[in-house]
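Student: Input target-v5.cif, format and content: mmCIF, C-alpha atoms, pLDDT in the B column; chains and numbers go by the auth columns.
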```cif
data_upload
loop_
_atom_site.group_PDB
_atom_site.id
_atom_site.type_symbol
_atom_site.label_atom_id
_atom_site.label_comp_id
_atom_site.label_asym_id
_atom_site.label_seq_id
_atom_site.Cartn_x
_atom_site.Cartn_y
_atom_site.Cartn_z
_atom_site.B_iso_or_equiv
_atom_site.auth_seq_id
_atom_site.auth_asym_id
ATOM 1 C CA MET A 1 -30.854 -35.753 57.300 41.00 215 A
ATOM 2 C CA SER A 2 -29.490 -32.596 55.871 41.00 216 A
ATOM 3 C CA GLY A 3 -28.904 -30.964 59.258 41.00 217 A
ATOM 4 C CA GLY A 4 -28.716 -27.246 59.829 42.00 218 A
ATOM 5 C CA LYS A 5 -31.477 -26.955 62.446 42.00 219 A
ATOM 6 C CA ASP A 6 -30.873 -25.581 65.936 45.00 220 A
ATOM 7 C CA GLY A 7 -27.437 -24.300 65.005 45.00 221 A
ATOM 8 C CA ALA A 8 -26.155 -27.698 63.973 45.00 222 A
ATOM 9 C CA PRO A 9 -23.591 -27.372 61.214 45.00 223 A
ATOM 10 C CA GLU A 10 -24.728 -28.110 57.673 47.00 224 A
ATOM 11 C CA LYS A 11 -23.164 -31.133 56.075 41.00 225 A
ATOM 12 C CA PRO A 12 -20.604 -30.067 53.506 42.00 226 A
ATOM 13 C CA ARG A 13 -22.161 -30.114 50.086 45.00 227 A
ATOM 14 C CA PRO A 14 -20.546 -32.330 47.476 43.00 228 A
ATOM 15 C CA LYS A 15 -18.247 -30.491 45.111 45.00 229 A
ATOM 16 C CA SER A 16 -20.121 -29.144 42.117 43.00 230 A
ATOM 17 C CA ALA A 17 -19.249 -30.549 38.718 45.00 231 A
ATOM 18 C CA SER A 18 -19.754 -27.127 37.156 53.00 232 A
ATOM 19 C CA PRO A 19 -16.835 -24.744 36.592 59.00 233 A
ATOM 20 C CA GLU A 20 -18.236 -22.455 39.291 60.00 234 A
ATOM 21 C CA SER A 21 -17.231 -23.165 42.857 65.00 235 A
ATOM 22 C CA ASP A 22 -18.357 -21.462 46.037 77.00 236 A
ATOM 23 C CA SER A 23 -15.392 -22.020 48.338 87.00 237 A
ATOM 24 C CA PRO A 24 -14.154 -18.802 49.974 90.00 238 A
ATOM 25 C CA PHE A 25 -10.963 -18.922 47.925 91.00 239 A
ATOM 26 C CA ASP A 26 -12.871 -19.389 44.662 92.00 240 A
ATOM 27 C CA ILE A 27 -15.166 -16.477 45.487 92.00 241 A
ATOM 28 C CA TRP A 28 -12.131 -14.312 46.229 91.00 242 A
ATOM 29 C CA LEU A 29 -10.367 -15.524 43.080 93.00 243 A
ATOM 30 C CA LYS A 30 -13.372 -14.798 40.891 94.00 244 A
ATOM 31 C CA ARG A 31 -13.635 -11.273 42.277 92.00 245 A
ATOM 32 C CA GLY A 32 -9.911 -10.677 41.786 92.00 246 A
ATOM 33 C CA LEU A 33 -9.873 -11.989 38.229 94.00 247 A
ATOM 34 C CA HIS A 34 -12.835 -9.798 37.332 94.00 248 A
ATOM 35 C CA GLN A 35 -10.997 -6.783 38.751 92.00 249 A
ATOM 36 C CA LEU A 36 -7.948 -7.604 36.647 92.00 250 A
ATOM 37 C CA PHE A 37 -9.726 -8.457 33.399 94.00 251 A
ATOM 38 C CA ASP A 38 -13.092 -6.672 33.249 93.00 252 A
ATOM 39 C CA ASP A 39 -11.611 -3.300 32.310 88.00 253 A
ATOM 40 C CA VAL A 40 -9.927 -4.658 29.220 89.00 254 A
ATOM 41 C CA ALA A 41 -13.183 -6.225 28.045 89.00 255 A
ATOM 42 C CA ASN A 42 -15.094 -2.983 28.563 90.00 256 A
ATOM 43 C CA GLU A 43 -12.647 -0.607 26.901 90.00 257 A
ATOM 44 C CA PRO A 44 -13.747 0.894 23.579 92.00 258 A
ATOM 45 C CA ILE A 45 -12.596 -1.028 20.525 92.00 259 A
ATOM 46 C CA PRO A 46 -9.771 0.836 18.738 93.00 260 A
ATOM 47 C CA GLU A 47 -11.034 2.714 15.676 94.00 261 A
ATOM 48 C CA GLU A 48 -8.258 1.214 13.576 94.00 262 A
ATOM 49 C CA LEU A 49 -9.475 -2.308 14.283 96.00 263 A
ATOM 50 C CA LEU A 50 -13.103 -1.470 13.553 96.00 264 A
ATOM 51 C CA ARG A 51 -12.055 0.226 10.292 96.00 265 A
ATOM 52 C CA LEU A 52 -10.130 -2.895 9.293 96.00 266 A
ATOM 53 C CA ILE A 53 -13.227 -5.057 9.772 97.00 267 A
ATOM 54 C CA GLU A 54 -15.573 -2.618 8.023 96.00 268 A
ATOM 55 C CA GLU A 55 -13.217 -2.231 5.062 96.00 269 A
ATOM 56 C CA ASP A 56 -13.158 -5.987 4.630 96.00 270 A
ATOM 57 C CA ARG A 57 -16.953 -6.084 4.849 95.00 271 A
ATOM 58 C CA ASP A 58 -17.174 -3.381 2.141 93.00 272 A
ATOM 59 C CA ASP A 59 -14.683 -5.213 -0.075 91.00 273 A
ATOM 60 C CA ARG A 60 -16.742 -8.394 0.179 88.00 274 A
ATOM 61 C CA THR A 61 -20.058 -6.754 -0.587 84.00 275 A
ATOM 62 C CA SER A 62 -18.887 -4.550 -3.469 76.00 276 A
ATOM 63 C CA MET B 1 -28.415 -14.365 11.870 58.00 52 B
ATOM 64 C CA SER B 2 -25.474 -11.978 12.308 74.00 53 B
ATOM 65 C CA SER B 3 -23.073 -11.580 9.430 91.00 54 B
ATOM 66 C CA PHE B 4 -19.536 -12.851 9.728 95.00 55 B
ATOM 67 C CA HIS B 5 -18.228 -9.323 10.295 96.00 56 B
ATOM 68 C CA ASP B 6 -20.861 -8.566 12.951 96.00 57 B
ATOM 69 C CA GLN B 7 -19.830 -11.732 14.794 96.00 58 B
ATOM 70 C CA VAL B 8 -16.181 -10.642 14.678 97.00 59 B
ATOM 71 C CA ILE B 9 -17.071 -7.263 16.212 97.00 60 B
ATOM 72 C CA GLN B 10 -19.276 -8.861 18.882 96.00 61 B
ATOM 73 C CA ILE B 11 -16.578 -11.240 20.062 97.00 62 B
ATOM 74 C CA LEU B 12 -13.790 -8.613 20.290 97.00 63 B
ATOM 75 C CA PRO B 13 -14.173 -7.989 24.063 96.00 64 B
ATOM 76 C CA LYS B 14 -13.801 -11.711 24.761 96.00 65 B
ATOM 77 C CA LEU B 15 -10.819 -11.970 22.443 97.00 66 B
ATOM 78 C CA ARG B 16 -9.155 -9.127 24.341 96.00 67 B
ATOM 79 C CA VAL B 17 -9.570 -10.970 27.638 96.00 68 B
ATOM 80 C CA GLN B 18 -8.193 -14.171 26.125 97.00 69 B
ATOM 81 C CA ALA B 19 -5.282 -12.249 24.589 96.00 70 B
ATOM 82 C CA LEU B 20 -4.436 -10.546 27.890 95.00 71 B
ATOM 83 C CA SER B 21 -4.564 -13.860 29.711 95.00 72 B
ATOM 84 C CA LEU B 22 -2.078 -15.295 27.231 95.00 73 B
ATOM 85 C CA THR B 23 0.307 -12.356 26.784 93.00 74 B
ATOM 86 C CA ARG B 24 0.009 -10.816 30.290 91.00 75 B
ATOM 87 C CA ASN B 25 0.598 -7.470 28.639 90.00 76 B
ATOM 88 C CA ARG B 26 -2.025 -5.001 27.430 90.00 77 B
ATOM 89 C CA SER B 27 -0.094 -3.692 24.475 91.00 78 B
ATOM 90 C CA ALA B 28 0.855 -7.183 23.310 93.00 79 B
ATOM 91 C CA ALA B 29 -2.766 -8.259 23.805 94.00 80 B
ATOM 92 C CA GLU B 30 -4.032 -5.487 21.519 94.00 81 B
ATOM 93 C CA ASP B 31 -1.537 -6.514 18.839 95.00 82 B
ATOM 94 C CA LEU B 32 -2.526 -10.159 19.204 96.00 83 B
ATOM 95 C CA VAL B 33 -6.245 -9.376 18.796 97.00 84 B
ATOM 96 C CA GLN B 34 -5.570 -7.307 15.692 97.00 85 B
ATOM 97 C CA ASP B 35 -3.402 -10.059 14.175 97.00 86 B
ATOM 98 C CA ALA B 36 -6.019 -12.704 14.984 98.00 87 B
ATOM 99 C CA VAL B 37 -8.745 -10.607 13.369 98.00 88 B
ATOM 100 C CA CYS B 38 -6.596 -10.214 10.241 97.00 89 B
ATOM 101 C CA ASN B 39 -6.113 -13.997 10.151 97.00 90 B
ATOM 102 C CA ALA B 40 -9.838 -14.570 10.614 97.00 91 B
ATOM 103 C CA LEU B 41 -10.783 -12.141 7.854 97.00 92 B
ATOM 104 C CA ALA B 42 -8.314 -13.820 5.528 97.00 93 B
ATOM 105 C CA ALA B 43 -9.697 -17.258 6.418 96.00 94 B
ATOM 106 C CA GLN B 44 -13.413 -16.373 6.586 95.00 95 B
ATOM 107 C CA ASP B 45 -14.257 -18.590 3.611 95.00 96 B
ATOM 108 C CA SER B 46 -13.140 -21.584 5.655 96.00 97 B
ATOM 109 C CA PHE B 47 -15.674 -20.826 8.389 95.00 98 B
ATOM 110 C CA ILE B 48 -18.853 -22.892 8.004 93.00 99 B
ATOM 111 C CA PRO B 49 -21.897 -20.754 8.873 91.00 100 B
ATOM 112 C CA GLY B 50 -23.948 -22.240 11.686 89.00 101 B
ATOM 113 C CA THR B 51 -20.936 -23.865 13.346 93.00 102 B
ATOM 114 C CA ASN B 52 -19.365 -22.543 16.553 95.00 103 B
ATOM 115 C CA PHE B 53 -17.986 -19.142 15.577 97.00 104 B
ATOM 116 C CA SER B 54 -16.747 -18.338 19.093 96.00 105 B
ATOM 117 C CA ALA B 55 -14.622 -21.498 19.288 97.00 106 B
ATOM 118 C CA TRP B 56 -13.306 -20.906 15.740 97.00 107 B
ATOM 119 C CA MET B 57 -12.253 -17.357 16.595 98.00 108 B
ATOM 120 C CA HIS B 58 -10.684 -18.227 19.954 98.00 109 B
ATOM 121 C CA ARG B 59 -8.676 -20.995 18.275 97.00 110 B
ATOM 122 C CA ILE B 60 -7.374 -18.566 15.653 98.00 111 B
ATOM 123 C CA LEU B 61 -6.179 -16.184 18.364 98.00 112 B
ATOM 124 C CA ARG B 62 -4.618 -19.021 20.344 97.00 113 B
ATOM 125 C CA ASN B 63 -2.822 -20.403 17.275 96.00 114 B
ATOM 126 C CA ARG B 64 -1.536 -16.946 16.430 97.00 115 B
ATOM 127 C CA PHE B 65 -0.199 -16.538 19.977 96.00 116 B
ATOM 128 C CA ILE B 66 1.602 -19.886 19.797 94.00 117 B
ATOM 129 C CA SER B 67 2.973 -19.097 16.366 93.00 118 B
ATOM 130 C CA ASP B 68 4.257 -15.673 17.494 92.00 119 B
ATOM 131 C CA LEU B 69 5.745 -17.233 20.612 88.00 120 B
ATOM 132 C CA ARG B 70 7.706 -19.736 18.561 88.00 121 B
ATOM 133 C CA LYS B 71 9.029 -16.984 16.308 85.00 122 B
ATOM 134 C CA ARG B 72 10.094 -14.831 19.245 80.00 123 B
ATOM 135 C CA ARG B 73 11.496 -17.566 21.425 75.00 124 B
ATOM 136 C CA ASP B 74 14.974 -17.242 19.972 60.00 125 B
ATOM 137 C CA THR B 75 15.267 -13.552 20.742 60.00 126 B
ATOM 138 C CA THR B 76 12.931 -12.776 23.666 55.00 127 B
ATOM 139 C CA ASP B 77 12.045 -14.396 26.928 53.00 128 B
ATOM 140 C CA ILE B 78 8.316 -13.924 27.354 50.00 129 B
ATOM 141 C CA GLU B 79 8.651 -14.837 31.024 51.00 130 B
ATOM 142 C CA ASP B 80 10.352 -11.464 31.485 49.00 131 B
ATOM 143 C CA VAL B 81 7.110 -9.582 30.794 51.00 132 B
ATOM 144 C CA PRO B 82 6.356 -7.634 33.994 49.00 133 B
ATOM 145 C CA ALA B 83 3.571 -9.189 36.025 46.00 134 B
ATOM 146 C CA SER B 84 2.185 -5.756 36.815 48.00 135 B
ATOM 147 C CA SER B 85 0.979 -5.552 33.228 54.00 136 B
ATOM 148 C CA PHE B 86 -2.209 -7.281 34.356 63.00 137 B
ATOM 149 C CA ALA B 87 -3.076 -4.517 36.780 55.00 138 B
ATOM 150 C CA SER B 88 -5.227 -2.030 34.964 53.00 139 B
ATOM 151 C CA ASN B 89 -5.075 1.164 36.993 54.00 140 B
ATOM 152 C CA ALA B 90 -3.658 2.811 40.101 45.00 141 B
ATOM 153 C CA THR B 91 -6.701 2.045 42.237 56.00 142 B
ATOM 154 C CA HIS B 92 -6.315 -1.638 41.563 48.00 143 B
ATOM 155 C CA GLU B 93 -2.596 -1.513 42.152 47.00 144 B
ATOM 156 C CA ASP B 94 -3.270 -0.155 45.619 48.00 145 B
ATOM 157 C CA SER B 95 -4.610 -3.539 46.534 68.00 146 B
ATOM 158 C CA LEU B 96 -1.758 -5.671 47.739 74.00 147 B
ATOM 159 C CA ALA B 97 -3.776 -8.853 47.373 79.00 148 B
ATOM 160 C CA LEU B 98 -4.594 -8.000 43.784 84.00 149 B
ATOM 161 C CA LYS B 99 -0.929 -7.362 43.083 84.00 150 B
ATOM 162 C CA ASP B 100 -0.092 -10.729 44.576 84.00 151 B
ATOM 163 C CA LEU B 101 -2.766 -12.367 42.453 89.00 152 B
ATOM 164 C CA SER B 102 -1.386 -10.632 39.382 88.00 153 B
ATOM 165 C CA LEU B 103 2.107 -11.913 40.187 88.00 154 B
ATOM 166 C CA ALA B 104 0.879 -15.414 40.896 91.00 155 B
ATOM 167 C CA LEU B 105 -1.112 -15.471 37.653 93.00 156 B
ATOM 168 C CA SER B 106 1.952 -14.471 35.687 91.00 157 B
ATOM 169 C CA ARG B 107 3.759 -17.505 37.092 91.00 158 B
ATOM 170 C CA LEU B 108 1.175 -19.951 35.810 94.00 159 B
ATOM 171 C CA PRO B 109 1.735 -21.710 32.482 94.00 160 B
ATOM 172 C CA SER B 110 -0.079 -19.740 29.769 94.00 161 B
ATOM 173 C CA ASP B 111 -2.489 -22.580 28.946 95.00 162 B
ATOM 174 C CA GLN B 112 -3.595 -22.836 32.589 96.00 163 B
ATOM 175 C CA ARG B 113 -3.932 -19.066 32.905 96.00 164 B
ATOM 176 C CA GLU B 114 -5.973 -18.885 29.721 97.00 165 B
ATOM 177 C CA ALA B 115 -8.236 -21.752 30.835 97.00 166 B
ATOM 178 C CA LEU B 116 -8.841 -20.237 34.264 97.00 167 B
ATOM 179 C CA VAL B 117 -9.680 -16.797 32.883 97.00 168 B
ATOM 180 C CA MET B 118 -11.985 -18.133 30.183 97.00 169 B
ATOM 181 C CA VAL B 119 -13.932 -20.190 32.707 97.00 170 B
ATOM 182 C CA VAL B 120 -13.972 -17.787 35.652 96.00 171 B
ATOM 183 C CA VAL B 121 -14.118 -14.405 33.890 95.00 172 B
ATOM 184 C CA GLN B 122 -15.908 -15.337 30.660 94.00 173 B
ATOM 185 C CA GLY B 123 -18.142 -17.949 32.272 94.00 174 B
ATOM 186 C CA MET B 124 -17.259 -20.600 29.685 96.00 175 B
ATOM 187 C CA SER B 125 -18.249 -24.218 30.242 97.00 176 B
ATOM 188 C CA TYR B 126 -15.508 -26.849 30.165 97.00 177 B
ATOM 189 C CA GLU B 127 -16.950 -28.123 26.894 97.00 178 B
ATOM 190 C CA ALA B 128 -16.782 -24.670 25.303 96.00 179 B
ATOM 191 C CA LEU B 129 -13.267 -24.172 26.665 97.00 180 B
ATOM 192 C CA ALA B 130 -12.174 -27.493 25.188 97.00 181 B
ATOM 193 C CA GLU B 131 -13.564 -26.544 21.788 96.00 182 B
ATOM 194 C CA ALA B 132 -12.074 -23.033 21.932 96.00 183 B
ATOM 195 C CA THR B 133 -8.620 -24.301 22.841 95.00 184 B
ATOM 196 C CA GLY B 134 -8.615 -27.465 20.740 94.00 185 B
ATOM 197 C CA CYS B 135 -8.202 -29.948 23.586 96.00 186 B
ATOM 198 C CA ALA B 136 -10.178 -32.708 25.292 97.00 187 B
ATOM 199 C CA VAL B 137 -12.751 -31.758 27.937 97.00 188 B
ATOM 200 C CA GLY B 138 -10.694 -33.620 30.542 97.00 189 B
ATOM 201 C CA THR B 139 -7.632 -31.561 29.646 97.00 190 B
ATOM 202 C CA ALA B 140 -9.640 -28.339 29.926 97.00 191 B
ATOM 203 C CA LYS B 141 -10.902 -29.346 33.380 97.00 192 B
ATOM 204 C CA SER B 142 -7.426 -30.332 34.478 97.00 193 B
ATOM 205 C CA ARG B 143 -5.949 -26.984 33.395 97.00 194 B
ATOM 206 C CA VAL B 144 -8.535 -25.023 35.375 97.00 195 B
ATOM 207 C CA PHE B 145 -8.202 -27.293 38.403 96.00 196 B
ATOM 208 C CA ARG B 146 -4.431 -27.078 38.441 96.00 197 B
ATOM 209 C CA ALA B 147 -4.458 -23.305 37.994 96.00 198 B
ATOM 210 C CA ARG B 148 -6.884 -22.891 40.916 95.00 199 B
ATOM 211 C CA ARG B 149 -4.965 -25.271 43.136 93.00 200 B
ATOM 212 C CA GLN B 150 -1.629 -23.624 42.330 93.00 201 B
ATOM 213 C CA LEU B 151 -2.948 -20.127 42.961 93.00 202 B
ATOM 214 C CA GLU B 152 -4.554 -21.207 46.223 91.00 203 B
ATOM 215 C CA ALA B 153 -1.277 -22.723 47.389 90.00 204 B
ATOM 216 C CA TRP B 154 0.622 -19.531 46.566 86.00 205 B
ATOM 217 C CA MET B 155 -1.996 -17.108 47.839 84.00 206 B
ATOM 218 C CA THR B 156 -2.749 -18.886 51.108 83.00 207 B
ATOM 219 C CA GLY B 157 0.913 -19.153 51.992 73.00 208 B
ATOM 220 C CA GLU B 158 1.214 -22.892 51.954 64.00 209 B
ATOM 221 C CA LEU B 159 4.493 -22.462 50.142 55.00 210 B
ATOM 222 C CA PRO B 160 7.650 -20.586 51.213 51.00 211 B
ATOM 223 C CA ALA B 161 7.408 -16.785 51.094 51.00 212 B
ATOM 224 C CA ASN B 162 10.572 -16.449 49.012 55.00 213 B
ATOM 225 C CA ASP B 163 9.234 -16.019 45.504 60.00 214 B
ATOM 226 C CA LYS B 164 11.898 -17.977 43.602 61.00 215 B
ATOM 227 C CA LEU B 165 11.849 -20.733 46.144 57.00 216 B
ATOM 228 C CA ARG B 166 8.085 -21.075 46.160 60.00 217 B
ATOM 229 C CA VAL B 167 8.054 -21.288 42.367 63.00 218 B
ATOM 230 C CA LYS B 168 10.604 -24.090 42.566 63.00 219 B
ATOM 231 C CA VAL B 169 8.690 -25.843 45.321 61.00 220 B
ATOM 232 C CA ALA B 170 5.462 -25.532 43.351 62.00 221 B
ATOM 233 C CA ALA B 171 7.140 -26.964 40.259 69.00 222 B
ATOM 234 C CA LEU B 172 8.455 -29.854 42.317 63.00 223 B
ATOM 235 C CA ARG B 173 5.032 -30.496 43.841 64.00 224 B
ATOM 236 C CA SER B 174 3.438 -30.386 40.422 70.00 225 B
ATOM 237 C CA MET B 175 5.979 -32.911 39.126 68.00 226 B
ATOM 238 C CA LEU B 176 5.365 -35.164 42.117 66.00 227 B
ATOM 239 C CA ASP B 177 1.620 -34.970 41.519 68.00 228 B
ATOM 240 C CA ASP B 178 2.128 -35.950 37.889 73.00 229 B
ATOM 241 C CA ARG B 179 4.255 -38.891 38.917 70.00 230 B
ATOM 242 C CA ARG B 180 1.722 -40.022 41.511 67.00 231 B
ATOM 243 C CA ARG B 181 -1.034 -39.903 38.908 72.00 232 B
ATOM 244 C CA LYS B 182 1.096 -41.960 36.554 74.00 233 B
ATOM 245 C CA GLY B 183 1.856 -44.428 39.338 72.00 234 B
ATOM 246 C CA ILE B 184 5.589 -43.674 39.432 62.00 235 B
ATOM 247 C CA LYS B 185 7.202 -43.940 42.851 52.00 236 B
ATOM 248 C CA THR B 186 7.926 -40.462 44.222 44.00 237 B
ATOM 249 C CA ASP B 187 11.227 -41.440 45.820 43.00 238 B
ATOM 250 C CA ASP B 188 12.604 -42.096 42.378 41.00 239 B
ATOM 251 C CA LEU B 189 13.055 -38.460 41.335 40.00 240 B
ATOM 252 C CA TYR B 190 16.293 -38.857 39.434 36.00 241 B
ATOM 253 C CA SER B 191 15.191 -41.592 37.117 36.00 242 B
ATOM 254 C CA LEU B 192 13.605 -39.238 34.580 34.00 243 B
#
```
How does the structure come out when it is put into structure tokens?
Tutor:
Amino acid sequence: MSGGKDGAPEKPRPKSASPESDSPFDIWLKRGLHQLFDDVANEPIPEELLRLIEEDRDDRTS
Amino acid sequence: MSSFHDQVIQILPKLRVQALSLTRNRSAAEDLVQDAVCNALAAQDSFIPGTNFSAWMHRILRNRFISDLRKRRDTTDIEDVPASSFASNATHEDSLALKDLSLALSRLPSDQREALVMVVVQGMSYEALAEATGCAVGTAKSRVFRARRQLEAWMTGELPANDKLRVKVAALRSMLDDRRRKGIKTDDLYSL
């Protein structure tokens, strides 16, 4: 029923309802987007921003 | 359970990705994150502990972006922001395909770009995306679908190579798709 034996092509799987897709374009797109956006997520948080948050925390607890 | 301030610090990397997807510019993204954090700190008493902090924080950043955009619209054209701002370093810029993707991304409407990045890069579900962007789940799905379809059309060369022309063609196709979905005859383009 599902095919795939003896070199017969697999039947195309129904499109997943999840956000992830495994088409060649989607795999390429995912890789490209990670290359463009991962660095910014992994950069150190600016000291100024952390200080702002910690100062507010101190103000609230004092 | 983490304190409010710990949760703010933990979500900063994700806010930066969302901000970059919206602004398309690293410097503007940093400013947007800082402004959103200031807004969140000022509004922290309105956050109900135990509710979805991530969605609350993403909505604050998104609202701040929209608010800033409205203020700037009279004096600046945000569409003029260079597309290369996405590219993070020289190694990446060496990749022609990545440059093309960066350019194509910059041409997408900001809500579609944001939706695509939050789902594909951050791994958000459509439900979480809908809550984080204050829209219906169907709208969230549609934004991601349209962004993917548009990028695929541009990147696989189904549209004319001339950049301005392909943007126009894509806009026309998008309008035709909308009209088909609404059941309006496509040969009636000038009746809008």
Student: Calculate how many Å separate CA of Ala148 (chain B) from CA of Gly246 (chain A), rounding to one decimal.
Tutor: 8.5 Å
Student: Based on only C-alpha atoms, which of the residues in chain A come within 8 Å of chain B? I want them as a ChimeraX atom specification.
Tutor: /A:232-234,239-240,244,246-256,259,263-264,267-268,270-271
Student: By how many Å are CA of Ser97 (chain B) and CA of Gln58 (chain B) apart?
Tutor: 15.0 Å
Student: Would you compute the distance between CA of Leu83 (chain B) and CA of Glu165 (chain B)? Give it in Å to one decimal.
Tutor: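 These atoms are spaced 14.1 Å apart.
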Student: Looking at B:Leu112, B:Met169, B:Leu73, B:Ala155, which one is nearest to Ala87 (chain B), with distances taken over all atoms listed in the file?
Tutor: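 Of the candidates, the smallest distance to Ala87 (chain B) is held by B:Leu112.
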Student: Write out as a PyMOL selection string which residues come within 7 Å of His109 (chain B) when counting only C-alpha atoms, dropping same-chain ones fewer than 4 positions away.
Tutor: chain B and resi 66+105+113+183
